[in-house]
Structure formats: C-alpha cells, structure tokens
>>> print(open('input09.tsv').read())   # TSV, C-alpha atoms
chain	number	residue	atom	x	y	z
A	26	VAL	CA	138.69	133.72	95.36
A	27	SER	CA	140.84	135.70	97.82
A	28	THR	CA	144.08	137.63	98.01
A	29	GLU	CA	145.51	134.78	100.12
A	30	ILE	CA	145.02	132.34	97.25
A	31	ALA	CA	146.34	134.92	94.80
A	32	GLU	CA	149.54	135.26	96.82
A	33	ILE	CA	150.02	131.49	96.88
A	34	LEU	CA	149.67	131.43	93.09
A	35	ARG	CA	152.15	134.32	92.71
A	36	ARG	CA	154.71	132.42	94.76
A	37	SER	CA	154.13	129.46	92.46
A	38	GLY	CA	155.03	131.56	89.42
A	39	VAL	CA	151.61	132.56	88.08
A	40	GLU	CA	151.89	136.09	86.68
A	41	GLU	CA	148.42	137.15	85.61
A	42	ILE	CA	145.98	136.88	88.50
A	43	ARG	CA	142.62	138.45	89.17
A	44	VAL	CA	140.79	138.00	92.48
A	45	VAL	CA	137.07	137.28	92.01
A	46	SER	CA	135.28	136.61	95.28
A	47	SER	CA	132.78	133.75	95.19
A	48	ALA	CA	129.22	135.03	94.99
A	49	VAL	CA	126.30	134.57	97.37
A	50	ASP	CA	122.73	134.73	96.06
A	51	ILE	CA	121.50	137.02	98.80
A	52	GLU	CA	117.78	136.89	98.10
A	53	ASP	CA	117.78	133.11	97.73
A	54	LEU	CA	119.75	132.66	100.95
A	55	ARG	CA	117.39	134.89	102.91
A	56	ARG	CA	114.38	133.12	101.39
A	57	ARG	CA	115.76	129.73	102.45
A	58	ALA	CA	116.57	131.06	105.93
A	59	ALA	CA	112.92	132.07	106.36
A	60	GLU	CA	111.53	128.68	105.29
A	61	ASN	CA	111.74	127.22	108.80
A	62	ALA	CA	110.46	129.16	111.77
A	63	GLY	CA	112.94	129.58	114.59
A	64	ASP	CA	110.50	128.26	117.17
A	65	ARG	CA	110.11	125.00	115.23
A	66	LEU	CA	113.87	124.50	115.10
A	67	ARG	CA	114.21	125.35	118.78
A	68	SER	CA	111.59	122.71	119.54
A	69	GLU	CA	113.33	120.13	117.34
A	70	PHE	CA	116.65	120.59	119.12
A	71	GLY	CA	115.32	121.21	122.60
A	72	ILE	CA	116.48	124.82	122.79
A	73	ARG	CA	114.50	127.01	125.13
A	74	ALA	CA	113.18	130.35	123.96
A	75	GLY	CA	115.69	133.02	124.94
A	76	SER	CA	118.66	130.67	125.21
A	77	PRO	CA	121.60	132.08	123.21
A	78	VAL	CA	122.87	129.82	120.44
A	79	VAL	CA	126.50	129.65	119.35
A	80	GLY	CA	126.73	127.96	115.97
A	81	LEU	CA	129.64	126.28	114.22
A	82	VAL	CA	128.79	125.28	110.66
A	83	GLY	CA	131.14	122.99	108.77
A	84	ALA	CA	132.46	119.48	108.34
A	85	LEU	CA	133.45	117.78	111.58
A	86	ALA	CA	137.09	117.77	110.53
A	87	PRO	CA	140.26	118.88	112.37
A	88	GLN	CA	140.83	122.10	110.40
A	89	LYS	CA	137.41	123.53	111.29
A	90	GLY	CA	138.38	124.16	114.92
A	91	HIS	CA	135.67	122.32	116.85
A	92	GLU	CA	138.24	121.44	119.51
A	93	ALA	CA	138.75	125.15	120.22
A	94	LEU	CA	135.00	125.59	120.70
A	95	LEU	CA	134.88	122.68	123.14
A	96	ALA	CA	137.84	124.14	125.03
A	97	ALA	CA	136.07	127.50	125.20
A	98	ALA	CA	132.79	126.00	126.39
A	99	PRO	CA	133.55	125.81	130.16
A	100	ALA	CA	134.21	129.55	130.43
A	101	ILE	CA	131.18	130.39	128.30
A	102	LEU	CA	128.82	128.13	130.23
A	103	SER	CA	130.17	129.35	133.55
A	104	ALA	CA	129.18	132.91	132.63
A	105	VAL	CA	126.04	132.16	130.56
A	106	PRO	CA	124.83	128.70	131.63
A	107	GLU	CA	121.86	128.63	129.27
A	108	THR	CA	124.06	128.82	126.15
A	109	ILE	CA	123.51	126.13	123.52
A	110	PHE	CA	126.23	125.11	121.05
A	111	LEU	CA	124.88	124.04	117.66
A	112	CYS	CA	127.38	122.09	115.56
A	113	VAL	CA	125.94	121.81	112.05
A	114	GLY	CA	127.54	119.23	109.77
A	115	GLU	CA	128.87	115.70	109.63
A	116	GLY	CA	132.34	114.20	109.51
A	117	GLU	CA	135.05	111.99	110.89
A	118	LEU	CA	135.27	113.67	114.31
A	119	LEU	CA	131.63	113.16	115.34
A	120	ARG	CA	132.15	110.34	117.84
A	121	ARG	CA	135.32	111.86	119.23
A	122	LEU	CA	133.65	115.23	119.80
A	123	GLN	CA	130.57	113.63	121.34
A	124	ARG	CA	132.74	111.61	123.73
A	125	ARG	CA	134.69	114.69	124.76
A	126	VAL	CA	131.51	116.67	125.35
A	127	GLY	CA	130.28	113.80	127.52
A	128	ARG	CA	133.51	113.70	129.53
A	129	LEU	CA	133.26	117.44	130.10
A	130	GLY	CA	129.70	117.00	131.35
A	131	PHE	CA	128.28	119.37	128.74
A	132	SER	CA	126.05	117.01	126.75
A	133	ARG	CA	123.00	119.08	127.64
A	134	ALA	CA	124.56	122.16	126.02
A	135	PHE	CA	125.71	120.66	122.69
A	136	ARG	CA	123.64	119.73	119.66
A	137	PHE	CA	125.27	117.83	116.78
A	138	THR	CA	122.82	118.12	113.90
A	139	GLY	CA	124.48	115.94	111.28
A	140	PHE	CA	123.84	116.72	107.62
A	141	ARG	CA	121.06	119.28	107.15
A	142	ARG	CA	119.34	120.81	104.14
A	143	ASP	CA	118.07	123.78	106.17
A	144	VAL	CA	121.46	125.25	107.08
A	145	PRO	CA	120.42	128.87	106.33
A	146	SER	CA	117.52	128.56	108.81
A	147	LEU	CA	119.85	127.13	111.45
A	148	MET	CA	122.37	129.92	110.88
A	149	ASP	CA	119.57	132.47	111.20
A	150	LEU	CA	118.59	130.88	114.52
A	151	CYS	CA	122.08	131.40	115.95
A	152	THR	CA	122.95	134.35	118.16
A	153	VAL	CA	126.59	134.12	117.06
A	154	ILE	CA	128.45	132.08	114.44
A	155	ALA	CA	131.92	130.87	115.40
A	156	ALA	CA	134.40	130.06	112.61
A	157	PRO	CA	137.53	128.98	114.53
A	158	SER	CA	139.21	127.30	111.54
A	159	LEU	CA	142.88	126.39	111.85
A	160	ASP	CA	143.67	126.65	108.13
A	161	GLY	CA	142.29	126.04	104.67
A	162	GLU	CA	139.84	128.94	104.42
A	163	GLY	CA	140.43	130.67	101.11
A	164	SER	CA	137.06	132.43	101.13
A	165	SER	CA	134.68	131.00	103.73
A	166	ALA	CA	131.10	130.52	102.50
A	167	VAL	CA	129.94	130.21	106.12
A	168	ILE	CA	131.28	133.64	107.04
A	169	LYS	CA	129.71	135.18	103.96
A	170	GLU	CA	126.33	133.58	104.53
A	171	ALA	CA	126.27	134.54	108.21
A	172	MET	CA	126.99	138.15	107.30
A	173	VAL	CA	124.22	138.12	104.68
A	174	LEU	CA	121.80	136.88	107.35
A	175	GLY	CA	122.99	139.43	109.89
A	176	THR	CA	124.36	136.85	112.33
A	177	PRO	CA	127.54	138.18	114.00
A	178	VAL	CA	130.69	136.22	113.19
A	179	ILE	CA	133.76	135.38	115.26
A	180	ALA	CA	136.53	134.00	113.06
A	181	THR	CA	140.20	133.19	113.34
A	182	GLU	CA	142.80	135.56	111.92
A	183	LEU	CA	143.43	133.61	108.74
A	184	PRO	CA	144.11	135.96	105.82
A	185	GLY	CA	140.99	134.91	103.93
A	186	ASN	CA	138.81	135.41	107.01
A	187	ILE	CA	140.24	138.84	107.75
A	188	GLU	CA	139.60	139.89	104.17
A	189	LEU	CA	135.94	138.90	104.48
A	190	LEU	CA	135.31	140.37	107.92
A	191	ASP	CA	136.94	143.72	107.17
A	192	GLY	CA	135.76	145.12	110.51
A	193	ALA	CA	132.28	143.59	110.21
A	194	GLY	CA	133.06	140.73	112.59
A	195	VAL	CA	135.36	139.73	115.44
A	196	ALA	CA	138.80	138.27	114.66
A	197	ILE	CA	140.66	136.08	117.15
A	198	PRO	CA	144.02	134.25	117.10
A	199	VAL	CA	144.11	130.74	115.66
A	200	ALA	CA	143.70	127.87	118.18
A	201	ASP	CA	143.13	130.27	121.08
A	202	ALA	CA	140.22	128.95	123.13
A	203	ALA	CA	140.47	131.73	125.73
A	204	SER	CA	140.14	134.43	123.07
A	205	LEU	CA	137.22	132.55	121.52
A	206	ALA	CA	135.45	132.34	124.87
A	207	ASP	CA	136.04	136.04	125.57
A	208	ALA	CA	134.73	137.04	122.13
A	209	VAL	CA	131.63	134.88	122.44
A	210	LEU	CA	130.82	136.24	125.89
A	211	ARG	CA	131.28	139.85	124.81
A	212	LEU	CA	128.79	139.37	122.01
A	213	LEU	CA	126.29	137.36	124.06
A	214	LYS	CA	126.23	140.10	126.67
A	215	ASP	CA	126.13	143.08	124.29
A	216	ALA	CA	123.01	143.21	122.10
A	217	LYS	CA	124.01	146.57	120.65
A	218	HIS	CA	127.37	145.23	119.49
A	219	ARG	CA	125.60	142.29	117.85
A	220	ALA	CA	123.18	144.64	116.13
A	221	ASP	CA	126.01	146.88	114.90
A	222	LEU	CA	127.87	143.90	113.48
A	223	ALA	CA	124.69	142.68	111.79
A	224	VAL	CA	124.31	146.01	110.00
A	225	LEU	CA	127.97	146.06	108.97
A	226	GLY	CA	127.81	142.45	107.81
A	227	ARG	CA	124.77	143.02	105.60
A	228	LYS	CA	126.35	146.12	104.12
A	229	LYS	CA	129.62	144.33	103.42
A	230	SER	CA	127.89	141.31	101.90
A	231	ALA	CA	126.03	143.34	99.28
A	232	GLY	CA	129.16	143.19	97.13
A	233	TRP	CA	129.00	139.39	96.95
A	234	ASN	CA	125.66	139.24	95.16
A	235	PRO	CA	126.02	137.71	91.67
A	236	GLY	CA	125.28	139.73	88.57
>>> encode(input="input09.tsv", output="structure tokens")
Amino acid sequence: VSTEIAEILRRSGVEEIRVVSSAVDIEDLRRRAAENAGDRLRSEFGIRAGSPVVGLVGALAPQKGHEALLAAAPAILSAVPETIFLCVGEGELLRRLQRRVGRLGFSRAFRFTGFRRDVPSLMDLCTVIAAPSLDGEGSSAVIKEAMVLGTPVIATELPGNIELLDGAGVAIPVADAASLADAVLRLLKDAKHRADLAVLGRKKSAGWNPG
C-alpha cells in the first residue's frame, strides 16, 4: 500500500512488487461526514462555537503518539486557551492518558470520545488533525480521510506519511512535541494556510477514489 512497505518487501527478497494505495470512497465519506451537524457534536462534547478543535483519531496505543500531543498541549493552550483536543478512539492507554491530563490540569481541554461510529463527522468538526504516530503507518487511513474532508493534517515524517502528504499537509519530526505545538499554532492562527491545505488535500485525495 506504500513505497515504504514495498521497500521492506524488497529487502526481504520479494522481486515483483506493485504499489497500490488503499482506496477511499470519497462520496461515501463526505456523505457520512455530513450526517451529524457540527453544532450537535459541539453540544455533545461541550465545545463552544468558535473554539478550535485539534483532533487525534486512532487507537489509544503507544505508537499513535498521544503522549506527544499531551506534551504539546501546554504551549498550545498558553497561546490559544480555548483550544479543545478531541481524542477519538479507544484502547489500552485511556486511563493513563486521562490521569496525565488531570495531573497537567487540562481536563477541561481534552475530550476522550471512546469508540464512535460517526468518525467522519468528528473529523469534519476538527480545525486540524494531528497524526503524530511513532511508527507503523504504512498508508494512514486517517490522513487520507482528513484530506478528503479538507481538514488540514499535521503528521510525523514517517515515509508512508510523507508519501501521502506530498506537500498537502505539515510534516514534523517523530516524537517532537515542540515541533507539533509550533505546527498546530501556525495552523490555528492562519486561516488562509488552512484553506490552502484543504484545497491541496482534496486535490491530492482524488487519486484514492476506487474504480
């Protein structure tokens, strides 16, 4: 599904390889994103109108980089106090992350949604999607879906992520909370940059439609 995986296979001795990126049903994704109005979701999660939302979608597991987002939160909230962090997904780190958020004093700013069936609507609600994965991203569905929906993406410089972004998102070093905070703040404060990335993301994602 990516040149990164292809290279791993080549090193393992596989000779005939063809990269076929996993598809995204663009129309279906956009239809599902529109099923829940943003104001209803904001009400459900106690998010004020106008508050920027930084989303991280994925299993609450070590490789997804939630710890980097928590480490970046103080700088982000210091500059934009009304920011809400929306962590969509479930997993083994839930209690640990909730405890750390509590120790930091940021419980008011974090929402842990658990398992959801309306993920496209939640992604569409977000101002920015963060994908600070540490490893294991051959071809991230979250990055693809965010780009389809026109939600700007910040992702770590894993080979698979770079291949997907291709200039249509912001790449940061792995496990670098300061760079993540800087990237989030730049996007939150620059509506034009967000809009430009949304256009680029939609254009790039057209090639992932099946058929």
>>> atom_distance(input="input09.tsv", atom1="CA of Leu210 in chain A", atom2="CA of Ile109 in chain A")
12.7 Å
>>> closest_residue(input="input09.tsv", among="A:Leu111, A:Ala48, A:Val209, A:Val173", to="Ile72 in chain A", atoms="only C-alpha atoms")
A:Leu111
>>> residues_around(input="input09.tsv", residues="range 214-227 of chain A", least_positions_apart="6", cutoff="9 Å", atoms="all atoms listed in the file", output="CSV table (one decimal) with C-alpha atoms, in the frame of the given file")
chain,number,residue,atom,x,y,z
A,105,VAL,CA,126.0,132.2,130.6
A,152,THR,CA,123.0,134.4,118.2
A,153,VAL,CA,126.6,134.1,117.1
A,169,LYS,CA,129.7,135.2,104.0
A,171,ALA,CA,126.3,134.5,108.2
A,172,MET,CA,127.0,138.2,107.3
A,173,VAL,CA,124.2,138.1,104.7
A,174,LEU,CA,121.8,136.9,107.4
A,175,GLY,CA,123.0,139.4,109.9
A,176,THR,CA,124.4,136.8,112.3
A,177,PRO,CA,127.5,138.2,114.0
A,178,VAL,CA,130.7,136.2,113.2
A,190,LEU,CA,135.3,140.4,107.9
A,192,GLY,CA,135.8,145.1,110.5
A,193,ALA,CA,132.3,143.6,110.2
A,194,GLY,CA,133.1,140.7,112.6
A,195,VAL,CA,135.4,139.7,115.4
>>> atom_distance(input="input09.tsv", atom1="CA of Phe110 in chain A", atom2="CA of Val49 in chain A")
25.5 Å
>>> residues_around(input="input09.tsv", residues="Leu147 in chain A", least_positions_apart="2", cutoff="8 Å", atoms="only C-alpha atoms", output="PDB file with C-alpha atoms, in the frame of the given file")
ATOM      1  CA  ALA A  58     116.570 131.060 105.930  1.00  0.00           C
ATOM      2  CA  GLY A  63     112.940 129.580 114.590  1.00  0.00           C
ATOM      3  CA  LEU A  66     113.870 124.500 115.100  1.00  0.00           C
ATOM      4  CA  ASP A 143     118.070 123.780 106.170  1.00  0.00           C
ATOM      5  CA  VAL A 144     121.460 125.250 107.080  1.00  0.00           C
ATOM      6  CA  PRO A 145     120.420 128.870 106.330  1.00  0.00           C
ATOM      7  CA  ASP A 149     119.570 132.470 111.200  1.00  0.00           C
ATOM      8  CA  LEU A 150     118.590 130.880 114.520  1.00  0.00           C
ATOM      9  CA  CYS A 151     122.080 131.400 115.950  1.00  0.00           C
TER      10      CYS A 151
END
>>> closest_atom_pairs(input="input09.tsv", of="range 122-229 of chain A", to="range 27-42 of chain A", cutoff="7 Å", atoms="all atoms listed in the file", output="Markdown table")
| residue | atom | partner | partner_atom | distance |
| --- | --- | --- | --- | --- |
| A:Gly163 | CA | A:Ser27 | CA | 6.0 |
| A:Ser164 | CA | A:Ser27 | CA | 6.0 |
| A:Pro184 | CA | A:Glu29 | CA | 6.0 |
| A:Gly185 | CA | A:Glu29 | CA | 5.9 |
>>> atom_distance(input="input09.tsv", atom1="CA of Ala86 in chain A", atom2="CA of Leu183 in chain A")
17.2 Å
>>> closest_residue(input="input09.tsv", among="A:Asp53, A:Glu107, A:Asp160, A:Asp201", to="Asn186 in chain A", atoms="all atoms listed in the file")
A:Asp160
>>> residues_around(input="input09.tsv", residues="Ala196 in chain A", least_positions_apart="3", cutoff="7 Å", atoms="all atoms listed in the file", output="MDAnalysis selection string")
chainID A and resid 179:182
>>> closest_residue(input="input09.tsv", among="A:Leu129, A:Ala74, A:Val45, A:Leu118", to="Pro87 in chain A", atoms="all atoms listed in the file")
A:Leu118
>>> residues_around(input="input09.tsv", residues="Leu102 in chain A", least_positions_apart="3", cutoff="12 Å", atoms="all atoms listed in the file", output="compact mmCIF listing (two decimals) with C-alpha atoms, in the frame of the given file")
# COMPACT_ATOMS: atom_id res chain seq x y z
CA SER A 76 118.66 130.67 125.21
CA PRO A 77 121.60 132.08 123.21
CA VAL A 78 122.87 129.82 120.44
CA VAL A 79 126.50 129.65 119.35
CA LEU A 94 135.00 125.59 120.70
CA LEU A 95 134.88 122.68 123.14
CA ALA A 96 137.84 124.14 125.03
CA ALA A 97 136.07 127.50 125.20
CA ALA A 98 132.79 126.00 126.39
CA PRO A 99 133.55 125.81 130.16
CA VAL A 105 126.04 132.16 130.56
CA PRO A 106 124.83 128.70 131.63
CA GLU A 107 121.86 128.63 129.27
CA THR A 108 124.06 128.82 126.15
CA ILE A 109 123.51 126.13 123.52
CA PHE A 110 126.23 125.11 121.05
CA LEU A 129 133.26 117.44 130.10
CA GLY A 130 129.70 117.00 131.35
CA PHE A 131 128.28 119.37 128.74
CA SER A 132 126.05 117.01 126.75
CA ARG A 133 123.00 119.08 127.64
CA ALA A 134 124.56 122.16 126.02
CA PHE A 135 125.71 120.66 122.69
CA ALA A 206 135.45 132.34 124.87
CA ASP A 207 136.04 136.04 125.57
CA VAL A 209 131.63 134.88 122.44
CA LEU A 210 130.82 136.24 125.89
CA LEU A 213 126.29 137.36 124.06
>>> residues_around(input="input09.tsv", residues="Leu119 in chain A", least_positions_apart="3", cutoff="12 Å", atoms="all atoms listed in the file", output="list in words")
Gly83, Ala84, Leu85, Ala86, Pro87, His91, Glu92, Cys112, Val113, Gly114, Glu115, Gly116, Leu122, Gln123, Arg124, Arg125, Val126, Arg136, Phe137, Thr138, Gly139 and Phe140 of chain A
>>> closest_residue(input="input09.tsv", among="A:Ile51, A:Leu212, A:Ala104, A:Ala203", to="Lys229 in chain A", atoms="all atoms listed in the file")
A:Ile51
>>> closest_residue(input="input09.tsv", among="A:Ala59, A:Ala231, A:Val199, A:Val82", to="Ala166 in chain A", atoms="only C-alpha atoms")
A:Val82
>>> residues_near_point(input="input09.tsv", point="(135.7, 123.7, 113.0)", cutoff="6 Å", atoms="only C-alpha atoms", output="list of chain:residue names")
A:Gln88, A:Lys89, A:Gly90, A:His91, A:Pro157, A:Ser158
